[in-house]
$ cat final-v3.csv   # CSV, C-alpha atoms and all ligand atoms
chain,number,residue,atom,x,y,z
A,631,MET,CA,5.9,-37.6,-21.6
A,632,SER,CA,6.8,-36.7,-25.2
A,633,ASP,CA,4.1,-35.5,-27.5
A,634,THR,CA,4.2,-38.9,-29.3
A,635,HIS,CA,3.2,-41.0,-26.3
A,636,VAL,CA,-0.4,-41.8,-27.4
A,637,PRO,CA,-0.2,-45.1,-29.2
A,638,GLU,CA,-1.6,-44.9,-32.7
A,639,ALA,CA,-3.7,-47.6,-34.3
A,640,GLU,CA,-0.5,-48.8,-36.1
A,641,VAL,CA,1.3,-49.3,-32.8
A,642,SER,CA,-1.7,-51.2,-31.4
A,643,ASN,CA,-1.6,-53.5,-34.4
A,644,ALA,CA,2.1,-54.1,-34.1
A,645,LEU,CA,2.3,-54.5,-30.3
A,646,ILE,CA,-0.3,-56.7,-28.8
A,647,PRO,CA,0.3,-57.7,-25.2
A,648,GLU,CA,-0.2,-61.4,-24.5
A,649,SER,CA,-3.1,-62.0,-22.2
A,650,ASP,CA,-2.0,-62.2,-18.6
A,651,ASP,CA,-2.6,-65.9,-18.3
A,652,SER,CA,-0.8,-66.7,-21.5
A,653,SER,CA,1.7,-69.5,-20.7
A,654,ASP,CA,4.5,-68.2,-22.8
A,655,ALA,CA,4.3,-64.5,-21.9
A,656,ASP,CA,7.4,-64.6,-19.7
A,657,SER,CA,9.2,-67.6,-21.1
A,658,ALA,CA,12.1,-67.8,-23.5
A,659,VAL,CA,11.1,-67.8,-27.2
A,660,GLY,CA,11.5,-71.3,-28.7
A,661,GLY,CA,14.5,-71.9,-26.4
A,662,LEU,CA,16.1,-68.6,-27.2
A,663,THR,CA,18.0,-67.0,-24.4
A,664,TYR,CA,20.3,-64.1,-24.9
A,665,ALA,CA,24.0,-64.8,-24.6
A,666,SER,CA,26.4,-61.8,-24.8
A,667,SER,CA,27.8,-61.7,-28.3
A,668,THR,CA,31.6,-61.6,-28.8
A,669,THR,CA,33.0,-58.9,-31.1
A,670,SER,CA,36.1,-59.2,-33.1
A,671,ALA,CA,36.9,-55.5,-32.4
A,672,ARG,CA,40.5,-54.9,-31.4
A,673,SER,CA,41.1,-53.7,-27.8
A,674,ASP,CA,43.9,-51.2,-28.5
A,675,VAL,CA,41.8,-48.0,-28.5
A,676,TYR,CA,44.3,-45.3,-29.2
A,677,THR,CA,43.4,-43.2,-26.2
A,678,SER,CA,40.6,-43.6,-23.8
A,679,VAL,CA,39.3,-42.0,-20.6
A,680,GLU,CA,38.2,-43.9,-17.6
A,681,GLU,CA,35.2,-43.0,-15.5
A,682,PHE,CA,32.8,-45.0,-13.3
A,683,GLY,CA,34.7,-48.2,-14.2
A,684,ARG,CA,34.1,-47.8,-17.9
A,685,THR,CA,36.2,-46.4,-20.7
A,686,TYR,CA,35.2,-43.5,-23.0
A,687,HIS,CA,36.5,-42.0,-26.2
A,688,GLY,CA,39.7,-39.9,-25.9
A,689,TYR,CA,39.5,-38.0,-29.1
A,690,LYS,CA,37.3,-35.0,-28.4
A,691,SER,CA,36.9,-36.4,-24.9
A,692,GLY,CA,33.5,-35.9,-23.2
A,693,LYS,CA,31.6,-35.2,-26.4
A,694,TYR,CA,29.7,-38.5,-26.5
A,695,LEU,CA,28.0,-39.9,-23.4
A,696,LEU,CA,28.3,-43.6,-23.7
A,697,PRO,CA,31.4,-45.8,-23.2
A,698,ASN,CA,33.4,-47.5,-25.9
A,699,ASP,CA,34.7,-50.5,-24.0
A,700,GLU,CA,34.0,-54.2,-24.9
A,701,LYS,CA,30.8,-54.3,-22.9
A,702,GLU,CA,29.4,-51.3,-24.9
A,703,ARG,CA,30.7,-52.8,-28.2
A,704,ASP,CA,28.8,-56.0,-27.4
A,705,ARG,CA,25.7,-53.9,-26.7
A,706,LEU,CA,26.0,-52.2,-30.1
A,707,ASP,CA,26.4,-55.5,-31.9
A,708,LEU,CA,23.3,-56.7,-30.1
A,709,GLN,CA,21.4,-53.6,-31.1
A,710,HIS,CA,22.5,-54.2,-34.7
A,711,MET,CA,20.6,-57.5,-34.4
A,712,LEU,CA,17.5,-55.6,-33.3
A,713,PHE,CA,17.7,-53.4,-36.4
A,714,THR,CA,18.3,-56.3,-38.8
A,715,ILE,CA,15.6,-58.6,-37.2
A,716,SER,CA,13.1,-55.7,-37.4
A,717,CYS,CA,13.9,-55.1,-41.1
A,718,ASP,CA,13.9,-58.9,-42.0
A,719,GLY,CA,17.6,-58.7,-42.8
A,720,ALA,CA,17.6,-55.5,-44.8
A,721,LEU,CA,20.4,-53.0,-44.0
A,722,ALA,CA,18.7,-50.1,-45.9
A,723,LEU,CA,15.0,-49.3,-46.4
A,724,ALA,CA,15.6,-46.5,-48.9
A,725,PRO,CA,15.4,-47.7,-52.6
A,726,ILE,CA,19.2,-47.2,-53.0
A,727,GLY,CA,19.8,-49.5,-56.1
A,728,LYS,CA,23.5,-50.2,-56.4
A,729,PRO,CA,25.4,-47.3,-54.7
A,730,ARG,CA,29.1,-47.1,-55.4
A,731,ARG,CA,30.2,-44.7,-52.7
A,732,VAL,CA,28.6,-45.2,-49.2
A,733,LEU,CA,29.2,-43.3,-45.9
A,734,ASP,CA,28.1,-44.6,-42.5
A,735,ILE,CA,28.5,-41.7,-40.0
A,736,ALA,CA,29.1,-42.6,-36.3
A,737,THR,CA,29.5,-46.2,-37.3
A,738,GLY,CA,30.3,-47.6,-33.8
A,739,THR,CA,31.8,-51.0,-34.1
A,740,GLY,CA,31.4,-50.8,-37.9
A,741,ILE,CA,29.1,-53.8,-38.0
A,742,TRP,CA,26.6,-52.2,-40.3
A,743,ALA,CA,29.3,-50.9,-42.6
A,744,MET,CA,31.1,-54.2,-42.9
A,745,GLU,CA,27.8,-56.1,-43.6
A,746,PHE,CA,26.8,-53.5,-46.1
A,747,ALA,CA,30.2,-53.9,-47.9
A,748,GLU,CA,29.8,-57.6,-48.0
A,749,GLN,CA,26.2,-57.4,-49.5
A,750,TYR,CA,27.3,-54.7,-52.0
A,751,PRO,CA,30.7,-55.8,-53.2
A,752,ASP,CA,30.8,-53.0,-55.9
A,753,ALA,CA,30.3,-50.3,-53.2
A,754,ARG,CA,33.2,-48.6,-51.4
A,755,VAL,CA,32.0,-48.1,-47.8
A,756,THR,CA,33.5,-45.6,-45.4
A,757,GLY,CA,32.6,-45.6,-41.7
A,758,THR,CA,33.5,-42.7,-39.4
A,759,ASP,CA,33.4,-42.4,-35.6
A,760,LEU,CA,34.9,-40.6,-32.6
A,761,SER,CA,36.1,-44.0,-31.3
A,762,PRO,CA,38.5,-46.3,-33.1
A,763,ILE,CA,36.5,-49.4,-32.0
A,764,GLN,CA,36.2,-51.1,-35.4
A,765,PRO,CA,37.9,-54.4,-36.2
A,766,SER,CA,41.3,-54.5,-37.9
A,767,TYR,CA,40.2,-57.1,-40.5
A,768,VAL,CA,37.5,-55.7,-42.6
A,769,PRO,CA,36.1,-56.4,-46.1
A,770,THR,CA,38.5,-54.9,-48.7
A,771,ASN,CA,35.8,-52.5,-49.9
A,772,CYS,CA,35.3,-51.1,-46.4
A,773,GLN,CA,37.4,-48.5,-44.5
A,774,PHE,CA,37.1,-46.6,-41.2
A,775,GLU,CA,38.2,-43.1,-40.2
A,776,ILE,CA,38.2,-41.3,-37.0
A,777,ALA,CA,36.1,-38.1,-37.6
A,778,ASP,CA,33.7,-35.9,-35.7
A,779,ALA,CA,30.5,-35.7,-37.7
A,780,GLU,CA,29.9,-32.3,-36.2
A,781,ASP,CA,33.1,-30.9,-37.8
A,782,GLU,CA,33.2,-29.7,-41.4
A,783,TRP,CA,32.9,-32.7,-43.8
A,784,ASN,CA,35.9,-32.8,-46.1
A,785,PHE,CA,35.4,-35.9,-48.2
A,786,SER,CA,37.2,-35.7,-51.6
A,787,ARG,CA,34.1,-37.0,-53.5
A,788,PRO,CA,30.4,-37.1,-52.9
A,789,PHE,CA,28.5,-40.3,-51.8
A,790,ASP,CA,25.6,-42.1,-53.4
A,791,TYR,CA,24.2,-43.3,-50.0
A,792,ILE,CA,24.7,-41.9,-46.5
A,793,HIS,CA,23.5,-43.8,-43.5
A,794,GLY,CA,23.3,-42.9,-39.8
A,795,ARG,CA,21.9,-45.2,-37.2
A,796,ALA,CA,21.1,-44.9,-33.4
A,797,LEU,CA,22.4,-41.4,-33.2
A,798,LEU,CA,19.7,-39.7,-31.2
A,799,THR,CA,22.0,-39.0,-28.3
A,800,CYS,CA,24.9,-37.7,-30.3
A,801,PHE,CA,24.4,-34.3,-31.9
A,802,ALA,CA,23.7,-30.8,-30.6
A,803,ASP,CA,22.1,-29.9,-33.9
A,804,PRO,CA,21.1,-33.0,-36.0
A,805,ARG,CA,19.5,-30.7,-38.6
A,806,SER,CA,23.0,-29.4,-39.5
A,807,ILE,CA,24.2,-33.0,-39.9
A,808,ILE,CA,21.3,-33.7,-42.3
A,809,GLN,CA,22.4,-30.5,-44.2
A,810,LYS,CA,26.1,-31.7,-44.4
A,811,ALA,CA,24.8,-35.1,-45.7
A,812,TYR,CA,22.7,-33.3,-48.3
A,813,ASP,CA,25.8,-31.3,-49.4
A,814,SER,CA,27.9,-34.5,-49.5
A,815,LEU,CA,25.6,-36.5,-51.7
A,816,THR,CA,25.6,-36.9,-55.5
A,817,PRO,CA,22.3,-35.7,-57.1
A,818,GLY,CA,19.9,-38.7,-56.9
A,819,GLY,CA,21.8,-40.0,-53.9
A,820,TYR,CA,19.9,-41.1,-50.6
A,821,LEU,CA,20.3,-40.2,-47.0
A,822,GLU,CA,18.8,-42.6,-44.4
A,823,PHE,CA,18.6,-42.2,-40.7
A,824,GLN,CA,17.5,-45.2,-38.5
A,825,ASP,CA,16.7,-43.9,-35.0
A,826,GLY,CA,14.4,-44.2,-32.1
A,827,LEU,CA,11.9,-41.8,-30.5
A,828,PHE,CA,12.8,-40.8,-27.0
A,829,PRO,CA,11.5,-41.0,-24.2
A,830,PHE,CA,10.3,-44.5,-24.9
A,831,GLN,CA,6.6,-45.0,-24.8
A,832,PHE,CA,4.1,-47.3,-23.0
A,833,MET,CA,1.1,-49.2,-24.1
A,834,ASP,CA,-1.9,-48.9,-21.8
A,835,PRO,CA,-2.1,-49.0,-18.9
A,836,GLN,CA,0.0,-45.8,-18.9
A,837,PRO,CA,2.3,-45.8,-15.9
A,838,PRO,CA,1.8,-42.8,-13.6
A,839,PRO,CA,4.4,-40.0,-13.7
A,840,GLU,CA,5.9,-41.2,-10.4
A,841,ASN,CA,6.6,-44.7,-11.9
A,842,PRO,CA,10.4,-45.0,-11.5
A,843,LEU,CA,11.0,-46.2,-15.1
A,844,ARG,CA,8.9,-43.4,-16.6
A,845,SER,CA,10.5,-40.8,-14.4
A,846,PHE,CA,14.0,-42.1,-15.2
A,847,LEU,CA,13.3,-41.7,-18.9
A,848,GLU,CA,11.9,-38.3,-18.5
A,849,THR,CA,14.8,-37.1,-16.3
A,850,VAL,CA,17.3,-38.5,-18.9
A,851,ALA,CA,15.5,-36.5,-21.6
A,852,GLU,CA,15.6,-33.3,-19.5
A,853,CYS,CA,19.3,-33.9,-18.9
A,854,GLY,CA,20.0,-34.3,-22.6
A,855,THR,CA,18.3,-30.9,-23.2
A,856,LYS,CA,20.2,-29.4,-20.3
A,857,ILE,CA,23.6,-30.3,-21.8
A,858,GLY,CA,22.6,-29.0,-25.2
A,859,ARG,CA,22.1,-32.5,-26.9
A,860,PRO,CA,18.4,-33.1,-26.8
A,861,TRP,CA,17.5,-36.8,-27.3
A,862,THR,CA,14.0,-35.9,-28.6
A,863,ASN,CA,14.9,-34.8,-32.2
A,864,VAL,CA,14.0,-38.0,-34.1
A,865,GLN,CA,10.4,-36.8,-34.4
A,866,HIS,CA,11.7,-33.8,-36.5
A,867,TYR,CA,13.9,-35.8,-38.9
A,868,LYS,CA,11.3,-36.1,-41.7
A,869,ARG,CA,10.4,-32.4,-41.6
A,870,TRP,CA,14.1,-31.4,-41.6
A,871,PHE,CA,14.8,-33.7,-44.6
A,872,GLU,CA,12.0,-32.0,-46.5
A,873,GLU,CA,13.0,-28.5,-45.5
A,874,ILE,CA,16.6,-29.1,-46.5
A,875,GLY,CA,15.5,-30.2,-50.0
A,876,PHE,CA,15.3,-34.0,-50.0
A,877,GLU,CA,12.6,-35.5,-52.3
A,878,ASP,CA,10.2,-38.4,-51.7
A,879,VAL,CA,11.0,-38.4,-48.0
A,880,GLU,CA,9.5,-41.4,-46.2
A,881,GLU,CA,9.4,-42.2,-42.5
A,882,LYS,CA,8.6,-45.9,-41.7
A,883,ARG,CA,8.0,-46.8,-38.1
A,884,LEU,CA,8.8,-50.1,-36.5
A,885,TYR,CA,8.4,-51.1,-32.9
A,886,TRP,CA,10.6,-52.7,-30.3
A,887,PRO,CA,8.7,-54.0,-27.1
A,888,CYS,CA,10.9,-54.1,-24.0
A,889,GLY,CA,10.5,-57.6,-22.6
A,890,PRO,CA,8.8,-60.6,-24.1
A,891,TRP,CA,5.2,-59.2,-23.7
A,892,ALA,CA,4.1,-58.7,-27.2
A,893,LYS,CA,2.4,-61.3,-29.3
A,894,GLY,CA,4.3,-63.2,-32.0
A,895,ASP,CA,7.7,-64.9,-32.0
A,896,LYS,CA,9.4,-62.0,-33.8
A,897,MET,CA,8.1,-59.4,-31.3
A,898,LYS,CA,9.1,-61.6,-28.4
A,899,LYS,CA,12.6,-62.0,-29.7
A,900,LEU,CA,12.9,-58.3,-30.3
A,901,GLY,CA,11.5,-57.8,-26.8
A,902,ILE,CA,14.2,-60.0,-25.2
A,903,TYR,CA,17.0,-58.3,-27.1
A,904,PHE,CA,15.8,-54.8,-26.5
A,905,MET,CA,15.4,-55.5,-22.8
A,906,GLU,CA,19.0,-56.8,-22.7
A,907,ASP,CA,20.1,-53.7,-24.7
A,908,MET,CA,18.5,-51.3,-22.2
A,909,LYS,CA,19.9,-53.2,-19.2
A,910,HIS,CA,23.3,-52.4,-20.4
A,911,ALA,CA,22.6,-48.9,-21.5
A,912,PHE,CA,20.8,-47.6,-18.5
A,913,GLU,CA,23.7,-47.7,-16.0
A,914,PRO,CA,26.3,-45.7,-18.0
A,915,VAL,CA,23.5,-43.2,-18.9
A,916,ALA,CA,22.4,-42.9,-15.3
A,917,MET,CA,26.0,-42.3,-14.1
A,918,LYS,CA,26.6,-39.6,-16.6
A,919,MET,CA,23.3,-37.9,-16.3
A,920,PHE,CA,22.3,-38.3,-12.6
A,921,VAL,CA,25.8,-38.2,-11.1
A,922,LYS,CA,27.5,-35.7,-13.4
A,923,ILE,CA,24.6,-33.5,-14.4
A,924,LEU,CA,22.1,-33.7,-11.5
A,925,GLY,CA,24.8,-34.1,-8.8
A,926,TRP,CA,23.3,-37.3,-7.2
A,927,SER,CA,25.9,-39.5,-5.4
A,928,GLU,CA,27.0,-42.7,-7.2
A,929,GLU,CA,25.5,-44.7,-4.4
A,930,LYS,CA,22.1,-43.1,-4.6
A,931,THR,CA,22.0,-43.4,-8.4
A,932,LYS,CA,22.9,-47.1,-8.3
A,933,LYS,CA,20.3,-47.8,-5.6
A,934,PHE,CA,17.6,-46.0,-7.6
A,935,LEU,CA,18.6,-47.8,-10.8
A,936,ASP,CA,19.1,-51.3,-9.3
A,937,GLU,CA,16.1,-51.3,-6.9
A,938,GLU,CA,13.5,-49.2,-8.6
A,939,VAL,CA,14.2,-48.8,-12.4
A,940,MET,CA,15.7,-52.1,-13.5
A,941,PRO,CA,13.1,-54.3,-11.9
A,942,LEU,CA,10.5,-52.6,-14.1
A,943,LEU,CA,12.2,-53.5,-17.3
A,944,GLY,CA,10.0,-56.2,-18.8
A,945,ALA,CA,7.9,-56.4,-15.6
A,946,ARG,CA,4.3,-57.6,-15.7
A,947,LYS,CA,1.9,-55.0,-17.2
A,948,THR,CA,4.8,-52.6,-18.0
A,949,TYR,CA,4.5,-52.4,-21.7
A,950,MET,CA,7.4,-50.1,-22.6
A,951,TYR,CA,8.4,-49.9,-26.2
A,952,GLU,CA,10.6,-47.9,-28.6
A,953,THR,CA,9.3,-46.6,-31.9
A,954,VAL,CA,12.2,-46.8,-34.4
A,955,CYS,CA,11.9,-44.4,-37.3
A,956,PHE,CA,13.5,-45.2,-40.7
A,957,THR,CA,13.7,-41.8,-42.4
A,958,TYR,CA,15.0,-41.5,-45.9
A,959,GLY,CA,14.9,-39.1,-48.9
A,960,ARG,CA,16.6,-38.5,-52.2
A,961,LYS,CA,18.7,-35.5,-53.2
A,962,PRO,CA,17.1,-34.0,-56.4
A,963,LEU,CA,18.8,-34.7,-59.7
A,964,ASN,CA,18.8,-30.9,-60.3
A,965,PRO,CA,19.3,-29.5,-56.8
B,1001,LIG,C1,24.7,-45.7,-30.3
B,1001,LIG,S1,26.2,-45.7,-31.2
B,1001,LIG,C2,25.6,-46.2,-32.8
B,1001,LIG,C3,26.7,-46.9,-33.6
B,1001,LIG,C4,26.3,-47.4,-35.0
B,1001,LIG,N1,25.7,-46.3,-35.8
B,1001,LIG,C5,25.3,-48.5,-34.9
B,1001,LIG,O1,24.1,-48.3,-35.2
B,1001,LIG,O2,25.7,-49.6,-34.5
B,1001,LIG,C6,26.6,-44.0,-31.4
B,1001,LIG,C7,28.0,-43.9,-32.0
B,1001,LIG,O3,28.1,-42.5,-32.4
B,1001,LIG,C8,29.5,-42.1,-32.2
B,1001,LIG,N2,29.5,-40.6,-32.1
B,1001,LIG,C9,28.9,-39.9,-31.2
B,1001,LIG,N3,29.1,-38.6,-31.5
B,1001,LIG,C10,29.8,-38.5,-32.7
B,1001,LIG,C11,30.3,-37.5,-33.5
B,1001,LIG,N4,30.1,-36.2,-33.2
B,1001,LIG,N5,31.0,-37.8,-34.6
B,1001,LIG,C12,31.2,-39.1,-34.9
B,1001,LIG,N6,30.8,-40.1,-34.2
B,1001,LIG,C13,30.1,-39.9,-33.1
B,1001,LIG,C14,29.8,-42.8,-30.9
B,1001,LIG,O4,31.2,-42.9,-30.7
B,1001,LIG,C15,29.2,-44.2,-31.1
B,1001,LIG,O5,30.0,-45.1,-31.7

$ encode --input "final-v3.csv" --output "structure tokens" --more "lines below"
Ligand SMILES: C[S@@+](CC[C@H](N)C(=O)[O-])C[C@H]1O[C@@H](n2cnc3c(N)ncnc32)[C@H](O)[C@@H]1O
Amino acid sequence: MSDTHVPEAEVSNALIPESDDSSDADSAVGGLTYASSTTSARSDVYTSVEEFGRTYHGYKSGKYLLPNDEKERDRLDLQHMLFTISCDGALALAPIGKPRRVLDIATGTGIWAMEFAEQYPDARVTGTDLSPIQPSYVPTNCQFEIADAEDEWNFSRPFDYIHGRALLTCFADPRSIIQKAYDSLTPGGYLEFQDGLFPFQFMDPQPPPENPLRSFLETVAECGTKIGRPWTNVQHYKRWFEEIGFEDVEEKRLYWPCGPWAKGDKMKKLGIYFMEDMKHAFEPVAMKMFVKILGWSEEKTKKFLDEEVMPLLGARKTYMYETVCFTYGRKPLNP
């Protein structure tokens, strides 16, 4: 397990499992059941690559692991709800004031960028991504560009606020992305990363290493390292922000239980959404990692996933959760 697996007092306060005999531990929350969201994203992806029955980005093909089809876009929009519910509707936790020029790197469906543009009508928001999966109709102060964040950044003017969310699987060297962001900010501007620790953690009772869900997560982490894109870097973001020169760096941690096992309506809602999110993420991850990297057959991978891993998502006494870190800092006025 990662070196962050021992739950701190803060985690214990945020995530309190319902007692076993609690009547609502496994039920829907106030009638809430998850229905797949529909996205208004257009379907004419310029180029795409098909594999395992899913489509993937064509530009710089193979760089990013997860698909870009409608199913994945729905998952990203659901994940956006997880972030906004956690933050009680706030799109940014940094004290950003009224930024005029805003960049959202690896924007995905662009849902954060569009909502930000609506909430901050005086801002000009640019979202970039490898995949052109953003809608055609967007707020007038929002625009999207296809760009690889690992390439040199050539923006004509600096930004007041740069945001990156759910990017733990994306970069070979996230520190270099933080450096590019620093270089592309105005003095006094903020960078904010909102990202989860991986592998996910468990509240007690800790599952044994042979637990299929735990071993799945650890194998995925090993594969990420093997392909040169470690998924375990979020724990270093705060230190990297500070080393690069950001001031007043903060890291706020929020928690997403997987399944409706934690006390409180908000936690239960997050638990249902996060479980749905992971149900849709695990299969494409397994196909890419287990089949392509470890050389398992598709059949063996699917069987392991369907029969051993998935049934543990939200299972009784399996208290898996994700720690989501909101890391932000300010570029000095006199860098
Ligand atoms: C998990 S999604 C997160 C999307 C969005 N930030 C959000 O929170 O909804 C990761 C996104 O990063 C994009 N991505 C991955 N590597 C990238 C890169 N090197 N440059 C730009 N975008 C990248 C993917 O195409 C995908 O849309």

$ residues_near_ligand --input "final-v3.csv" --ligand "ligand LIG 1001 (chain B)" --cutoff "6 Å" --atoms "all atoms listed in the file" --output "number ranges by chain"
A: 694, 706, 710, 736-738, 759-761, 777-780, 794-797, 800

$ write_last_selection --input "final-v3.csv" --atoms "C-alpha atoms" --output "mmCIF file, in the frame of the given file"
data_model
loop_
_atom_site.group_PDB
_atom_site.id
_atom_site.type_symbol
_atom_site.label_atom_id
_atom_site.label_comp_id
_atom_site.auth_asym_id
_atom_site.auth_seq_id
_atom_site.Cartn_x
_atom_site.Cartn_y
_atom_site.Cartn_z
ATOM 1 C CA TYR A 694 29.700 -38.500 -26.500
ATOM 2 C CA LEU A 706 26.000 -52.200 -30.100
ATOM 3 C CA HIS A 710 22.500 -54.200 -34.700
ATOM 4 C CA ALA A 736 29.100 -42.600 -36.300
ATOM 5 C CA THR A 737 29.500 -46.200 -37.300
ATOM 6 C CA GLY A 738 30.300 -47.600 -33.800
ATOM 7 C CA ASP A 759 33.400 -42.400 -35.600
ATOM 8 C CA LEU A 760 34.900 -40.600 -32.600
ATOM 9 C CA SER A 761 36.100 -44.000 -31.300
ATOM 10 C CA ALA A 777 36.100 -38.100 -37.600
ATOM 11 C CA ASP A 778 33.700 -35.900 -35.700
ATOM 12 C CA ALA A 779 30.500 -35.700 -37.700
ATOM 13 C CA GLU A 780 29.900 -32.300 -36.200
ATOM 14 C CA GLY A 794 23.300 -42.900 -39.800
ATOM 15 C CA ARG A 795 21.900 -45.200 -37.200
ATOM 16 C CA ALA A 796 21.100 -44.900 -33.400
ATOM 17 C CA LEU A 797 22.400 -41.400 -33.200
ATOM 18 C CA CYS A 800 24.900 -37.700 -30.300
#

$ atom_distance --input "final-v3.csv" --atom1 "atom CA of A:Pro762" --atom2 "atom CA of A:Thr739"
8.2 Å

$ atom_distance --input "final-v3.csv" --atom1 "atom CA of A:Leu827" --atom2 "atom CA of A:Leu884"
10.7 Å

$ residues_around --input "final-v3.csv" --residues "A:Phe832" --least-positions-apart "4" --cutoff "7 Å" --atoms "all atoms listed in the file" --output "ChimeraX atom specification"
/A:836,949-951

$ closest_residue --input "final-v3.csv" --among "A:Pro837, A:Gly944, A:Pro751, A:Gly692" --to "A:Pro887" --atoms "only C-alpha atoms"
A:Gly944

$ closest_residue --input "final-v3.csv" --among "A:Val879, A:Leu733, A:Cys717, A:Ile874" --to "A:Arg960" --atoms "all atoms listed in the file"
A:Val879

$ residues_around --input "final-v3.csv" --residues "A:Lys728" --least-positions-apart "5" --cutoff "8 Å" --atoms "all atoms listed in the file" --output "count of residues only"
3

$ residues_around --input "final-v3.csv" --residues "A:Gln709" --least-positions-apart "4" --cutoff "7 Å" --atoms "all atoms listed in the file" --output "ChimeraX atom specification"
/A:705,713,907

$ residues_around --input "final-v3.csv" --residues "A:Glu748" --least-positions-apart "5" --cutoff "10 Å" --atoms "only C-alpha atoms" --output "PyMOL selection string"
chain A and resi 742-743+753+755+768-772

$ atom_distance --input "final-v3.csv" --atom1 "atom CA of A:His793" --atom2 "atom CA of A:Asn964"
21.7 Å

$ residues_around --input "final-v3.csv" --residues "A:Gly819" --least-positions-apart "5" --cutoff "9 Å" --atoms "only C-alpha atoms" --output "list in words"
Ile726, Pro729, Phe789, Asp790, Tyr791, Ile792, Tyr812, Gly959, Arg960, Lys961, Pro962 and Leu963 of chain A

$ write_last_selection --input "final-v3.csv" --atoms "C-alpha atoms" --output "PDB file, in the coordinates of the input"
ATOM      1  CA  ILE A 726      19.200 -47.200 -53.000  1.00  0.00           C
ATOM      2  CA  PRO A 729      25.400 -47.300 -54.700  1.00  0.00           C
ATOM      3  CA  PHE A 789      28.500 -40.300 -51.800  1.00  0.00           C
ATOM      4  CA  ASP A 790      25.600 -42.100 -53.400  1.00  0.00           C
ATOM      5  CA  TYR A 791      24.200 -43.300 -50.000  1.00  0.00           C
ATOM      6  CA  ILE A 792      24.700 -41.900 -46.500  1.00  0.00           C
ATOM      7  CA  TYR A 812      22.700 -33.300 -48.300  1.00  0.00           C
ATOM      8  CA  GLY A 959      14.900 -39.100 -48.900  1.00  0.00           C
ATOM      9  CA  ARG A 960      16.600 -38.500 -52.200  1.00  0.00           C
ATOM     10  CA  LYS A 961      18.700 -35.500 -53.200  1.00  0.00           C
ATOM     11  CA  PRO A 962      17.100 -34.000 -56.400  1.00  0.00           C
ATOM     12  CA  LEU A 963      18.800 -34.700 -59.700  1.00  0.00           C
TER      13      LEU A 963
END

$ closest_residue --input "final-v3.csv" --among "A:Glu880, A:Glu928, A:Glu937, A:Glu782" --to "A:Glu681" --atoms "all atoms listed in the file"
A:Glu928

$ closest_residue --input "final-v3.csv" --among "A:Glu938, A:Tyr885, A:His687, A:Glu929" --to "A:Met897" --atoms "all atoms listed in the file"
A:Tyr885

$ decode --input "final-v3.csv" --residues "stretch 882-890 of chain A" --atoms "N, CA, C and O atoms" --output "mmCIF file, in the first residue's frame"
data_model
loop_
_atom_site.group_PDB
_atom_site.id
_atom_site.type_symbol
_atom_site.label_atom_id
_atom_site.label_comp_id
_atom_site.auth_asym_id
_atom_site.auth_seq_id
_atom_site.Cartn_x
_atom_site.Cartn_y
_atom_site.Cartn_z
ATOM 1 N N LYS A 882 -5.523 21.152 0.932
ATOM 2 C CA LYS A 882 -6.725 20.771 1.690
ATOM 3 C C LYS A 882 -7.150 19.390 1.236
ATOM 4 O O LYS A 882 -7.154 19.117 0.032
ATOM 5 N N ARG A 883 -7.486 18.540 2.197
ATOM 6 C CA ARG A 883 -7.853 17.169 1.854
ATOM 7 C C ARG A 883 -9.329 16.918 2.116
ATOM 8 O O ARG A 883 -9.821 17.206 3.192
ATOM 9 N N LEU A 884 -10.011 16.390 1.100
ATOM 10 C CA LEU A 884 -11.404 15.972 1.256
ATOM 11 C C LEU A 884 -11.464 14.495 0.898
ATOM 12 O O LEU A 884 -10.533 13.959 0.283
ATOM 13 N N TYR A 885 -12.583 13.838 1.280
ATOM 14 C CA TYR A 885 -12.613 12.375 1.174
ATOM 15 C C TYR A 885 -13.856 11.896 0.454
ATOM 16 O O TYR A 885 -14.948 12.417 0.688
ATOM 17 N N TRP A 886 -13.645 10.907 -0.402
ATOM 18 C CA TRP A 886 -14.773 10.286 -1.108
ATOM 19 C C TRP A 886 -14.841 8.815 -0.718
ATOM 20 O O TRP A 886 -13.987 8.011 -1.139
ATOM 21 N N PRO A 887 -15.849 8.421 0.054
ATOM 22 C CA PRO A 887 -16.020 6.992 0.332
ATOM 23 C C PRO A 887 -16.500 6.295 -0.942
ATOM 24 O O PRO A 887 -17.158 6.910 -1.774
ATOM 25 N N CYS A 888 -16.170 5.027 -1.108
ATOM 26 C CA CYS A 888 -16.662 4.277 -2.264
ATOM 27 C C CYS A 888 -17.808 3.396 -1.783
ATOM 28 O O CYS A 888 -17.590 2.400 -1.103
ATOM 29 N N GLY A 889 -19.023 3.790 -2.100
ATOM 30 C CA GLY A 889 -20.212 3.104 -1.603
ATOM 31 C C GLY A 889 -20.854 3.926 -0.502
ATOM 32 O O GLY A 889 -20.206 4.799 0.094
ATOM 33 N N PRO A 890 -22.110 3.627 -0.211
ATOM 34 C CA PRO A 890 -22.856 4.470 0.738
ATOM 35 C C PRO A 890 -22.653 4.046 2.184
ATOM 36 O O PRO A 890 -23.610 3.879 2.922
#
